[in-house]
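J.: Right, I'll just put the structure down here and ask away after.
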Amino acid sequence: MLSDPDESKYPAHILDALENIESLKLSGEHEKSISEAEKLLIEDPNCVAALEEIADNYVSLDKFDRAEKAAKRVLKLDKESYTGYYILGFLVSHQQKWEQAVEYLKKANALHPNNPEILRCLGWSTFNAGKRTQGIIVLERSLNLDPDNSLTLCDLGICYLQTKSFTKAVELLKKAMEIDPDNKRIQECYQAAKGFSERYSTLSFPAKKRTPQRKSFN
């Protein structure tokens with residue numbers, strides 16, 4: 001969960017239950033975490049923190065319809081829930097509805113500035129919405145806040161690859177691969193960036209042994 005439950009809103013036993021729900025989620029026991037959160041909702045149907053946990057767990061399970069339903073319910077109960085806006089932004093970005101994703105994620109960022117995960121998703125969506133320079137700037141901010149985040153490194157590397165900044169792309173994707181060597185997306189993007197970088201270098205700086213006519217360019 002991006003947000004911490006407001007201790008002033010909940011009694012001690014609810015806070016203890018939320019801590020257990022979060023712990024289950026972080027350990028990958030998503031179904032059990034959802035089940036415990038649903039128990040809290042029976043006691044308190046308006047427990048926003050429990051709904052946020054349910055939505056977050058459903059995202060991890062790739063059950064996006066259920067995650068969306070939970071996130072929208074969160075925002076009906078609390079229009080200041082940046083977690084609710086973040087989850088909706090994340091979900092619509094997966095549908096490549098970039099403008100809508102930016103709208104949700106800007107609201108999340110306004111409510112909770114300088115959260116690296118919100119900024120990562122906002123930067124990626126902004127870039128894909130056509131505002132490339134602005135998207136890269138936001139992703140750089142995210143990386144400054146969390147410099148060893150392999151997902152941010154990968155997203156930023158892809159952005160630099162698409163803008164033909166091949167050296168920078170290779171540098172970022174290489175670091176991402178060192179942090180998360182089993183991530184296939186990162187591996188594929190690194191190989192692509194490396195290939196483009198080598199090809200661009202060959203075209204821009206032909207070897208000395210080549211003939212001065214550069215026949216391959218004709």
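Here's how to read the names in the structure tokens: chain A, B, ... by the order shown, residue numbers from 1 in each chain, ligand numbers from 1 in the order shown.
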Could you go through range 122-174 of chain A and tell me which residues DSSP, when run on the backbone, assigns to alpha helix (DSSP H), listing them as JSON, numbers by chain?
T.: {"A": [122, 123, 124, 125, 126, 127, 128, 132, 133, 134, 135, 136, 137, 138, 139, 140, 141, 142, 143, 144, 145, 150, 151, 152, 153, 154, 155, 156, 157, 158, 159, 160, 161, 162, 166, 167, 168, 169, 170, 171, 172, 173, 174]}
J.: Take the selection from the previous step and output its residues with N, CA and C atoms, as a tab-separated table (two decimals), in the first residue's frame.
T.:
```tsv
chain	number	residue	atom	x	y	z
A	122	LEU	N	3.54	8.18	-13.40
A	122	LEU	CA	3.17	9.45	-14.01
A	122	LEU	C	4.14	9.80	-15.15
A	123	GLY	N	5.43	9.61	-14.91
A	123	GLY	CA	6.41	9.90	-15.94
A	123	GLY	C	6.25	9.02	-17.17
A	124	TRP	N	6.03	7.73	-16.94
A	124	TRP	CA	5.84	6.79	-18.05
A	124	TRP	C	4.59	7.14	-18.85
A	125	SER	N	3.51	7.44	-18.16
A	125	SER	CA	2.26	7.78	-18.85
A	125	SER	C	2.38	9.11	-19.59
A	126	THR	N	3.05	10.08	-18.97
A	126	THR	CA	3.25	11.38	-19.61
A	126	THR	C	4.06	11.23	-20.90
A	127	PHE	N	5.11	10.44	-20.84
A	127	PHE	CA	5.95	10.19	-22.02
A	127	PHE	C	5.11	9.58	-23.14
A	128	ASN	N	4.33	8.57	-22.80
A	128	ASN	CA	3.54	7.88	-23.81
A	128	ASN	C	2.33	8.68	-24.28
A	132	ARG	N	7.13	13.91	-24.24
A	132	ARG	CA	8.31	13.09	-23.99
A	132	ARG	C	9.31	13.73	-23.03
A	133	THR	N	9.64	14.97	-23.27
A	133	THR	CA	10.61	15.65	-22.40
A	133	THR	C	10.10	15.72	-20.96
A	134	GLN	N	8.83	16.09	-20.81
A	134	GLN	CA	8.25	16.19	-19.48
A	134	GLN	C	8.22	14.83	-18.80
A	135	GLY	N	7.88	13.79	-19.56
A	135	GLY	CA	7.84	12.44	-19.01
A	135	GLY	C	9.20	12.00	-18.50
A	136	ILE	N	10.25	12.28	-19.27
A	136	ILE	CA	11.61	11.91	-18.86
A	136	ILE	C	12.01	12.67	-17.59
A	137	ILE	N	11.65	13.94	-17.51
A	137	ILE	CA	11.98	14.74	-16.32
A	137	ILE	C	11.33	14.14	-15.07
A	138	VAL	N	10.07	13.72	-15.20
A	138	VAL	CA	9.36	13.13	-14.05
A	138	VAL	C	10.00	11.79	-13.67
A	139	LEU	N	10.36	10.99	-14.66
A	139	LEU	CA	11.02	9.72	-14.38
A	139	LEU	C	12.38	9.93	-13.72
A	140	GLU	N	13.10	10.95	-14.13
A	140	GLU	CA	14.38	11.27	-13.49
A	140	GLU	C	14.18	11.65	-12.03
A	141	ARG	N	13.11	12.36	-11.74
A	141	ARG	CA	12.79	12.71	-10.35
A	141	ARG	C	12.53	11.44	-9.55
A	142	SER	N	11.77	10.53	-10.14
A	142	SER	CA	11.48	9.27	-9.46
A	142	SER	C	12.76	8.50	-9.18
A	143	LEU	N	13.65	8.47	-10.16
A	143	LEU	CA	14.91	7.73	-9.99
A	143	LEU	C	15.79	8.38	-8.93
A	144	ASN	N	15.79	9.71	-8.85
A	144	ASN	CA	16.57	10.40	-7.82
A	144	ASN	C	16.10	10.03	-6.42
A	145	LEU	N	14.78	9.81	-6.30
A	145	LEU	CA	14.21	9.44	-5.00
A	145	LEU	C	14.45	7.97	-4.66
A	150	SER	N	14.61	-1.01	-10.17
A	150	SER	CA	14.85	-1.56	-11.50
A	150	SER	C	13.76	-1.20	-12.49
A	151	LEU	N	12.52	-1.05	-12.00
A	151	LEU	CA	11.42	-0.71	-12.89
A	151	LEU	C	11.56	0.71	-13.42
A	152	THR	N	11.96	1.63	-12.55
A	152	THR	CA	12.18	3.01	-12.98
A	152	THR	C	13.36	3.09	-13.95
A	153	LEU	N	14.43	2.38	-13.64
A	153	LEU	CA	15.58	2.34	-14.53
A	153	LEU	C	15.19	1.82	-15.91
A	154	CYS	N	14.36	0.78	-15.92
A	154	CYS	CA	13.92	0.19	-17.18
A	154	CYS	C	13.04	1.15	-17.97
A	155	ASP	N	12.04	1.74	-17.30
A	155	ASP	CA	11.14	2.67	-17.98
A	155	ASP	C	11.91	3.85	-18.56
A	156	LEU	N	12.81	4.39	-17.76
A	156	LEU	CA	13.60	5.54	-18.21
A	156	LEU	C	14.53	5.14	-19.36
A	157	GLY	N	15.09	3.95	-19.25
A	157	GLY	CA	15.94	3.45	-20.32
A	157	GLY	C	15.19	3.31	-21.63
A	158	ILE	N	13.96	2.82	-21.57
A	158	ILE	CA	13.14	2.69	-22.77
A	158	ILE	C	12.83	4.06	-23.36
A	159	CYS	N	12.55	5.02	-22.50
A	159	CYS	CA	12.27	6.38	-22.98
A	159	CYS	C	13.48	6.96	-23.71
A	160	TYR	N	14.67	6.77	-23.14
A	160	TYR	CA	15.88	7.26	-23.80
A	160	TYR	C	16.14	6.49	-25.10
A	161	LEU	N	15.80	5.21	-25.11
A	161	LEU	CA	15.95	4.43	-26.34
A	161	LEU	C	15.05	4.98	-27.44
A	162	GLN	N	13.82	5.32	-27.07
A	162	GLN	CA	12.87	5.83	-28.06
A	162	GLN	C	13.25	7.22	-28.56
A	166	PHE	N	21.01	6.48	-27.14
A	166	PHE	CA	21.33	5.06	-26.97
A	166	PHE	C	22.32	4.80	-25.84
A	167	THR	N	23.32	5.65	-25.71
A	167	THR	CA	24.31	5.44	-24.65
A	167	THR	C	23.67	5.50	-23.27
A	168	LYS	N	22.81	6.50	-23.07
A	168	LYS	CA	22.11	6.64	-21.80
A	168	LYS	C	21.17	5.47	-21.57
A	169	ALA	N	20.50	5.03	-22.63
A	169	ALA	CA	19.57	3.89	-22.51
A	169	ALA	C	20.31	2.63	-22.07
A	170	VAL	N	21.44	2.37	-22.70
A	170	VAL	CA	22.23	1.18	-22.35
A	170	VAL	C	22.70	1.25	-20.90
A	171	GLU	N	23.16	2.41	-20.49
A	171	GLU	CA	23.64	2.61	-19.11
A	171	GLU	C	22.55	2.29	-18.09
A	172	LEU	N	21.36	2.83	-18.32
A	172	LEU	CA	20.25	2.63	-17.37
A	172	LEU	C	19.77	1.18	-17.37
A	173	LEU	N	19.63	0.60	-18.55
A	173	LEU	CA	19.12	-0.76	-18.65
A	173	LEU	C	20.14	-1.78	-18.13
A	174	LYS	N	21.41	-1.48	-18.30
A	174	LYS	CA	22.44	-2.36	-17.74
A	174	LYS	C	22.36	-2.39	-16.22
```
J.: As an exercise, work out the distance from CA of Tyr104 in chain A to CA of Gly89 in chain A in Å and give it to one decimal place.
T.: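 Computed distance, CA of Tyr104 in chain A to CA of Gly89 in chain A, equals 4.9 Å.
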J.: Choose the residue, out of A:Glu43, A:Glu52, A:Glu178, A:Glu19, that has the smallest atom-to-atom separation from Leu75 in chain A; count only C-alpha atoms.
T.: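 When distances to Leu75 in chain A are compared using only C-alpha atoms, the smallest one comes from A:Glu52.
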J.: Given only C-alpha atoms as the basis, pick out the residue of A:Lys76, A:Arg66, A:Lys184, A:Lys9 nearest to Ala49 in chain A.
T.: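 Looking only at the distances to Ala49 in chain A, the closest residue turns out to be A:Lys9.
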J.: For CA of Tyr86 in chain A and CA of Glu188 in chain A, quote the distance in Å rounded to one decimal.
T.: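 Interatomic distance, CA of Tyr86 in chain A to CA of Glu188 in chain A: 27.4 Å.
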J.: Would you mind listing what lies within 12 Å of Ala110 in chain A as a count of residues only, with only C-alpha atoms counted and same-chain residues fewer than 3 positions away left out?
T.: 18
J.: If we count only C-alpha atoms, what is near Val59 in chain A at a cut-off of 12 Å, once residues fewer than 3 positions away on the same chain are taken out, given as JSON, numbers by chain?
T.: {"A": [1, 25, 30, 31, 34, 52, 53, 54, 55, 56, 62, 63, 64, 65, 66, 67, 68, 69, 70, 71, 84, 86, 87, 88, 89, 90, 91, 92, 94]}
J.: Got time to write the residues from that selection, C-alpha atoms, as a PDB file, in the first residue's frame?
T.:
```
ATOM      1  CA  MET A   1       0.000   0.000   0.000  1.00  0.00           C
ATOM      2  CA  LYS A  25       0.531  -8.734   1.057  1.00  0.00           C
ATOM      3  CA  HIS A  30      -2.493 -11.874  -1.551  1.00  0.00           C
ATOM      4  CA  GLU A  31      -5.621 -13.988  -1.218  1.00  0.00           C
ATOM      5  CA  ILE A  34      -7.749  -9.823   0.869  1.00  0.00           C
ATOM      6  CA  GLU A  52      -7.026   0.288  -0.465  1.00  0.00           C
ATOM      7  CA  GLU A  53      -5.334  -2.943   0.550  1.00  0.00           C
ATOM      8  CA  ILE A  54      -7.912  -5.004  -1.331  1.00  0.00           C
ATOM      9  CA  ALA A  55      -7.421  -2.935  -4.485  1.00  0.00           C
ATOM     10  CA  ASP A  56      -3.632  -3.170  -4.212  1.00  0.00           C
ATOM     11  CA  ASP A  62      -3.700  -9.174 -12.146  1.00  0.00           C
ATOM     12  CA  LYS A  63      -7.404  -9.088 -11.314  1.00  0.00           C
ATOM     13  CA  PHE A  64      -7.752  -5.603 -12.693  1.00  0.00           C
ATOM     14  CA  ASP A  65     -11.563  -5.450 -12.837  1.00  0.00           C
ATOM     15  CA  ARG A  66     -11.815  -6.157  -9.122  1.00  0.00           C
ATOM     16  CA  ALA A  67      -8.982  -3.740  -8.369  1.00  0.00           C
ATOM     17  CA  GLU A  68     -10.781  -0.999 -10.294  1.00  0.00           C
ATOM     18  CA  LYS A  69     -14.038  -1.647  -8.492  1.00  0.00           C
ATOM     19  CA  ALA A  70     -12.324  -1.458  -5.091  1.00  0.00           C
ATOM     20  CA  ALA A  71     -10.375   1.695  -6.011  1.00  0.00           C
ATOM     21  CA  GLY A  84      -7.144   5.233  -5.003  1.00  0.00           C
ATOM     22  CA  TYR A  86      -2.739   5.909  -8.155  1.00  0.00           C
ATOM     23  CA  ILE A  87      -4.327   2.494  -8.623  1.00  0.00           C
ATOM     24  CA  LEU A  88      -6.834   3.810 -11.174  1.00  0.00           C
ATOM     25  CA  GLY A  89      -4.006   5.568 -13.014  1.00  0.00           C
ATOM     26  CA  PHE A  90      -1.937   2.403 -13.027  1.00  0.00           C
ATOM     27  CA  LEU A  91      -4.862   0.357 -14.332  1.00  0.00           C
ATOM     28  CA  VAL A  92      -5.767   2.654 -17.217  1.00  0.00           C
ATOM     29  CA  HIS A  94      -2.138  -0.813 -18.735  1.00  0.00           C
TER      30      HIS A  94
END
```
